Amino acid sequence: MFLYNLTLQAPTAINAAILGHFSGQRYQELVVARQQYLELWRPDTTTGKLVLEHSENLFCRVRSLAQFRLTGGSKDHIALGADTGTLTLLEYNPKNRQFVAVQAHDYGRTGLRRQIPGQYIAADPRGRAVMVAGTERAKIVYVVTRDSEANLMLQSPLEANKSHCICFDVIGVDVGYENPVFAAIECIYDDSQALTKVDKQLVYYELDLGLNHVVRKWSTAVSDTANKLIALPGSQDGPSGVLVCSEGYIEYKHWTDTASAHRVPIPSRTNQLDSRGAMIIASAAETGDLFKITVQYTSDAVTRVGIKYFDTIAPSSAISILRAGFLFAAAQEGGNHQLYQFENLGDEIESPEFFSDSNAEAAQFAPHELSSLVLVDEVESLSVILRSTVANLAEEETPQIYALCGRGARSSLKIIRHGLEVSELAVSELPGTPSAVWAVRRGGEHDELIVVSFTDATLVLGVGEEVEEVTDSGLLATAPTLALHRIDGGGLVQVTPRAVRHVMPDGRVNEWVPPQTREIACAAANARQVAVSLARTGGHTIYFELHPQLGVLREFEEPLRVGSDVTCLALSPVEEGRRNAAFLAAGCEDQTVRVFALDASRCLEPLSMQAVAETASSVTIVHQQQSLVLYMGLRNGLLTRANIDAQSGELDSTRTRFLGARAVQLCSALVRGESVVVALSTAPWLCHVHQGRLRVTPLSYDPLDFASGFVSEQCPEGLVCVAGNTLRILTIDRPDASFNHAAIPLSLTPRDFLLNPQSRHFVIIESEHAHYLPSQYKQALLAQGLATDSQAADDAVLPPEQFGLPRSYANGWASLIRVLDPFTGESTQIIELDQGTAAVSLAQVVFGDTAYIAVGCASEMALRPRKCRDASIRLYKWSNDGTGLELVHVTPLEDIPQCLMQFGGLLLVSLGGNLRLYDMGIKRLLKKTQTSVSPHLIVSIRPHPHVPNQRLFVADVQESVRLVTFNLNTYTFHTAVDDTLPRYITAQHVLDDGDTVVAGDKFGNMFTVRVPERVSKSLDADLTGARLIYEKPKFGSVHKWDLITEFHTGDIITSLTTCSLAPGGRQVILYSTLLGSLQVSVPFVSKSDLEFFRSLESAIRKLWTPVSGRDHLTYRSAISPVRSVVDGDLCELFFTLDDDKRERISDEVDRTQQDIFKKLEDIRSMFAF
């Protein structure tokens, strides 16, 4: 088996973010790291939206980022710390929209190693040096200069290594133009000393530019809980120095101010039952509370430090404040990334301020709703995905992905659909069912009229503060409109079945009328040209041009006779440096689309013809990917496109895709300044270019009948559409996305879920470690006397969606069982479990003819070492037609029930490394048998697809996957096949053949193993596996899996399944990862396809290197050598390469560039999205 691996959704979690002027423009930009992806976002200060400018796969794990600018430079650069063992300096090229490696220096081995630098990276505020540090021992300083040609250059590295030294944070200290100084939180230990008892120090490292070496300049003791440093401005802008953030305190430190101590407590929330102090994470408390820190200083030293509660947002991994008055917060453990705008600086909020000279040891504050910030934009995130499944509950063309995402009170069940999210700005009823719509402008930047055509009339609406009917536009309202466009000079051209009307700016109207017995069937127009075709004349087409001096439309002398009735027309866009369009496209009744020249030397000369599968209902020509592209919408629902040669007009590179059962209508528009095509069938689609690849993506919206581009002050790039008898104004905010998410909020971290196929309701178990549910928190407040009555306890409970859940004791748990309707988002039943009880596992089991829900629970469960006070299985049965649960009984256990599954009419439970079977009893479950099959902990059980009552696939937390058989005679389980390698399994799935298992481990590997053919035949002959058992050791088996595939994905796989994503497509392996990515592996069925893609992958590897410097083959073989998997992400980089490299690659694989494009597009559209 050979697989083709494709990324559908890149990781959505952000682990690092920096702010700077990376394009060399006046506005600030964000560079964010999403695991192996590096992205550039531009905050649009006018609309308050985040715009993705560029995303690039670095094929490495990005560990840290730093921004710096050399003195006199016009743009900021990026210092990249990754698992490549290389320090890489990047700059962004806005012209080519790509990151460019300016300098790179190897300093160690690849991989995430504690002694290899890259975990921390800090830049001197003046851009003169960069320090790269590892978790232990290693610190390297590079001097950044320019060579004689003003190119960025790294000098030889200077080491500041110290053995037995653990580093917790590194930052550059602003000392003006003195020798660069870096601050680090460190602790020194020896082999005989416990790490928890070691004192931490704040250490200053000085880079002597004159002597070219690094010295340990100064150190001072800090709190044992110190974890983060915040640099203060220096020179003329501030006192310099750093703020040391510890548990419960922030302290100012600087080597010039050692006499006085400035220590201010971090305020904690009132009514907090947990005595542990707050910790600063990314300049905000770990609970998401923001604080405003004030440092008062004189010319000599800092006088005092003040802190005041500011606002509360979601816990963030990175926070950036823009000069334009925005705050960007990257969500830390689930939830969307958010962009806020400052309303005020917090001075108007009545909240106590605490100072370092006030000796306030117990600082508290009362949290409040957002008062100083207002949310203006969100970037959707799937991180973290804990479980996912695929189902078509909505009975749409493509299935939906249901994923349990997030953590705590900000977790949710997300329904993921393939398609772009559409924002609906306005909807209004129309007096009839329209047939077409246009938005036109007369002379300004914005559209002034919306013209709606009906079967026998035309409605003209004026666009202003209100949309209302206009009667003095000069347009004919008593006939339908076939085409409408603004003409140079401020006039309008309106084509009706009986006339071509040129409406002058002064109100005069010039008309051209066809012969009395003929009507105009279709038309096309632009600012200087008009083409109309008459009905039932064999394609008699008349062409008009605007007279450059007179400003009137002039009919071309000779009409065009196509030879077949024309159904649709389109003019090509006007190229730069030309006055008129160069080509005219005509769709004909004889199932052809023809292209004609409009140049003066060969006007209306036929150039090319494309045969299509059905008569064209609509055609349009746009400029995409530096070429003219002809789109042909057919009556049978097919969309065909072809490139037009700019010189000869020949058609090539034809592609076809099925969009729906309805005839396809096309219109061109602008999205983010780029030409796009909106294709309307049973669903609307957007044809646009993203990252060098032409994508055809559905819009997640109702079916539309007609659309046109729309520009207004409130909607700079929108669409005006008609659907039924309604007029709608829409906008597409994020064309770079591939999916849209509908989120149903949950209360606690979801652990597992399953679907009731009859009622289409989900059962979800949720549990949270060391936190209270709101109802339990009220009881705790009353029990400890922190609330006088029930009303006071209610007032003390904060909305968990914003402020999070209140913390409880160390081994405390909050858990609930939820029955959820995914269509309405309503919870039909919520069962709260006792405080301290954790819901661990979930399964549906059928005893007799009744379906039950079994929930495995543990009380006072400790995670390390893994133990609990007691455990149980709670058995529920469905009630209220599958919308509720009713408790049947509770069965006590002596260990944590990690996995539950139905097995032959019984309930199979995993307890540690044991498998135990239970049968139904009146008051509790009845134990039938127990067998030890795994040496450590069973984390997943999957049934055999053909003999589910006799074979199991059991995954161990450390010892990979094993095939277990069940002997009906002895009622025992036996291991038939196990693995040769210790793999730490996180997810597994059994393929339909019953012998092949695909699984993922905690190091980010996806692998496929198969039962050896001899063993498989032996098991088929003897289902109990008795012939294989006699040679079995205590644990495991002498029979080992055959390794089929191996591939490093770069993220932890949490769910695996097989499904068909495209209508009529084959089964693919779909998997989701912890950090929010969705990927598929497509099995090859053709040897020629396999050989082509393997040769393409090999050719790209030779000619292209990631800007991170990481070798692609080394990355995909990070843990084990890659085997029998072609990296589709690498192959699709062919779209983004320059022409020279593409030509060299095409020569090596012996295919034309267009053939390679077609292969890449086909394999994605046929099997994925």
# chains A, B, ... in the order shown; residues from 1 in each chain; ligands from 1
>>> residues_around(residues="Leu1113 (chain A)", least_positions_apart="4", cutoff="9 Å", atoms="only C-alpha atoms", output="MDAnalysis selection string")
chainID A and resid 1101 1117:1118 1121:1122
>>> closest_atom_pairs(of="region 412-436 of chain A", to="region 330-337 of chain A", cutoff="12 Å", atoms="only C-alpha atoms", output="Markdown table")
| residue | atom | partner | partner_atom | distance |
| --- | --- | --- | --- | --- |
| A:Ser412 | CA | A:Gly335 | CA | 8.3 |
| A:Leu413 | CA | A:Gly335 | CA | 11.2 |
| A:Lys414 | CA | A:Gly335 | CA | 10.8 |
>>> residues_around(residues="region 500-504 of chain A", least_positions_apart="2", cutoff="10 Å", atoms="only C-alpha atoms", output="ChimeraX atom specification")
/A:473-476,481-487,489-498,506-514,520,523,530-532,544,551-553
>>> write_last_selection(atoms="N, CA and C atoms", output="CSV table (one decimal), in the first residue's frame")
chain,number,residue,atom,x,y,z
A,473,SER,N,-33.0,57.4,-13.6
A,473,SER,CA,-31.7,56.9,-14.0
A,473,SER,C,-31.5,56.9,-15.5
A,474,GLY,N,-32.6,57.0,-16.3
A,474,GLY,CA,-32.5,56.9,-17.7
A,474,GLY,C,-32.6,55.4,-18.2
A,475,LEU,N,-32.6,54.4,-17.4
A,475,LEU,CA,-32.7,53.0,-17.8
A,475,LEU,C,-34.2,52.7,-18.0
A,476,LEU,N,-34.4,51.9,-19.0
A,476,LEU,CA,-35.7,51.4,-19.4
A,476,LEU,C,-36.2,50.4,-18.4
A,481,THR,N,-33.6,43.4,-18.6
A,481,THR,CA,-32.3,43.8,-19.0
A,481,THR,C,-31.4,42.5,-19.2
A,482,LEU,N,-30.7,42.5,-20.3
A,482,LEU,CA,-29.8,41.4,-20.6
A,482,LEU,C,-28.3,41.7,-20.1
A,483,ALA,N,-27.9,42.9,-20.2
A,483,ALA,CA,-26.6,43.3,-19.8
A,483,ALA,C,-26.6,44.8,-19.4
A,484,LEU,N,-25.7,45.1,-18.5
A,484,LEU,CA,-25.6,46.5,-18.1
A,484,LEU,C,-24.1,46.8,-17.7
A,485,HIS,N,-23.7,47.9,-18.1
A,485,HIS,CA,-22.3,48.3,-17.7
A,485,HIS,C,-22.1,49.8,-17.8
A,486,ARG,N,-21.1,50.3,-17.1
A,486,ARG,CA,-20.8,51.7,-17.1
A,486,ARG,C,-19.9,51.9,-18.4
A,487,ILE,N,-20.1,53.0,-19.1
A,487,ILE,CA,-19.4,53.4,-20.3
A,487,ILE,C,-18.4,54.5,-19.9
A,489,GLY,N,-16.8,57.9,-19.7
A,489,GLY,CA,-17.4,59.2,-19.8
A,489,GLY,C,-18.6,59.3,-18.9
A,490,GLY,N,-18.9,58.3,-18.1
A,490,GLY,CA,-20.0,58.4,-17.1
A,490,GLY,C,-21.3,57.9,-17.5
A,491,GLY,N,-21.5,57.4,-18.8
A,491,GLY,CA,-22.8,56.9,-19.2
A,491,GLY,C,-22.9,55.4,-18.9
A,492,LEU,N,-24.1,54.9,-19.2
A,492,LEU,CA,-24.5,53.5,-19.0
A,492,LEU,C,-24.9,52.9,-20.3
A,493,VAL,N,-24.6,51.7,-20.5
A,493,VAL,CA,-25.2,50.9,-21.6
A,493,VAL,C,-26.1,49.8,-21.1
A,494,GLN,N,-27.3,49.8,-21.6
A,494,GLN,CA,-28.3,48.8,-21.2
A,494,GLN,C,-28.8,48.1,-22.4
A,495,VAL,N,-28.7,46.7,-22.3
A,495,VAL,CA,-29.1,45.9,-23.4
A,495,VAL,C,-30.4,45.2,-23.0
A,496,THR,N,-31.5,45.4,-23.8
A,496,THR,CA,-32.7,44.7,-23.6
A,496,THR,C,-33.0,43.9,-24.8
A,497,PRO,N,-34.0,43.0,-24.7
A,497,PRO,CA,-34.3,42.2,-25.9
A,497,PRO,C,-34.6,42.9,-27.2
A,498,ARG,N,-35.0,44.2,-27.1
A,498,ARG,CA,-35.3,45.0,-28.3
A,498,ARG,C,-34.5,46.2,-28.5
A,506,ASP,N,-25.8,63.3,-19.4
A,506,ASP,CA,-26.8,64.4,-19.4
A,506,ASP,C,-28.2,63.9,-19.5
A,507,GLY,N,-28.4,62.6,-19.6
A,507,GLY,CA,-29.8,62.0,-19.7
A,507,GLY,C,-30.2,61.6,-21.1
A,508,ARG,N,-29.5,62.1,-22.2
A,508,ARG,CA,-29.8,61.7,-23.5
A,508,ARG,C,-29.6,60.2,-23.7
A,509,VAL,N,-30.4,59.6,-24.6
A,509,VAL,CA,-30.3,58.2,-24.8
A,509,VAL,C,-30.2,57.9,-26.3
A,510,ASN,N,-29.1,57.1,-26.7
A,510,ASN,CA,-29.0,56.6,-28.0
A,510,ASN,C,-29.3,55.2,-28.1
A,511,GLU,N,-30.1,54.8,-29.1
A,511,GLU,CA,-30.6,53.4,-29.2
A,511,GLU,C,-30.2,52.8,-30.5
A,512,TRP,N,-29.8,51.5,-30.4
A,512,TRP,CA,-29.7,50.7,-31.6
A,512,TRP,C,-30.8,49.6,-31.5
A,513,VAL,N,-31.6,49.4,-32.5
A,513,VAL,CA,-32.7,48.5,-32.5
A,513,VAL,C,-32.5,47.4,-33.5
A,514,PRO,N,-32.6,46.1,-33.1
A,514,PRO,CA,-32.4,45.0,-34.1
A,514,PRO,C,-33.6,45.0,-35.1
A,520,ILE,N,-32.7,40.3,-29.2
A,520,ILE,CA,-31.4,40.1,-28.7
A,520,ILE,C,-31.5,38.9,-27.7
A,523,ALA,N,-25.9,39.2,-24.4
A,523,ALA,CA,-25.0,40.3,-24.7
A,523,ALA,C,-23.9,40.3,-23.7
A,530,VAL,N,-19.3,46.6,-26.7
A,530,VAL,CA,-20.6,45.9,-26.5
A,530,VAL,C,-20.7,44.9,-27.6
A,531,ALA,N,-21.2,43.7,-27.3
A,531,ALA,CA,-21.4,42.6,-28.3
A,531,ALA,C,-22.8,42.1,-27.9
A,532,VAL,N,-23.7,41.9,-29.0
A,532,VAL,CA,-25.0,41.3,-28.8
A,532,VAL,C,-25.2,40.3,-29.9
A,544,PHE,N,-20.0,46.5,-31.1
A,544,PHE,CA,-20.0,48.0,-31.0
A,544,PHE,C,-18.7,48.4,-30.3
A,551,GLY,N,-17.7,59.8,-28.3
A,551,GLY,CA,-18.3,59.3,-27.1
A,551,GLY,C,-19.6,58.5,-27.3
A,552,VAL,N,-19.8,58.0,-28.5
A,552,VAL,CA,-21.0,57.2,-28.8
A,552,VAL,C,-20.6,55.8,-29.3
A,553,LEU,N,-21.5,54.9,-29.1
A,553,LEU,CA,-21.2,53.5,-29.6
A,553,LEU,C,-21.3,53.5,-31.1
>>> closest_residue(among="A:Ile1044, A:Ile116, A:Met861, A:Val100", to="Thr84 (chain A)", atoms="only C-alpha atoms")
A:Ile116
>>> residues_around(residues="Glu466 (chain A)", least_positions_apart="2", cutoff="12 Å", atoms="only C-alpha atoms", output="PyMOL selection string")
chain A and resi 426+428+448-449+461-464+468-470
>>> closest_residue(among="A:Leu209, A:Val203, A:Ala79, A:Cys405", to="Ala743 (chain A)", atoms="only C-alpha atoms")
A:Cys405
>>> closest_residue(among="A:Gln338, A:Thr537, A:Ser827, A:Gln296", to="Glu589 (chain A)", atoms="only C-alpha atoms")
A:Thr537
>>> residues_around(residues="region 844-851 of chain A", least_positions_apart="2", cutoff="8 Å", atoms="only C-alpha atoms", output="ChimeraX atom specification")
/A:754,842,853-854,877-878,901-902,905-907,919-920
>>> closest_residue(among="A:Leu420, A:Met1166, A:Ala521, A:Val1011", to="Asp736 (chain A)", atoms="only C-alpha atoms")
A:Leu420
>>> residues_around(residues="Val451 (chain A)", least_positions_apart="3", cutoff="6 Å", atoms="only C-alpha atoms", output="list in words")
Val437, Trp438, Leu459 and Val460 of chain A
>>> closest_residue(among="A:Val440, A:Val763, A:Ala987, A:Ala796", to="Pro822 (chain A)", atoms="only C-alpha atoms")
A:Val763
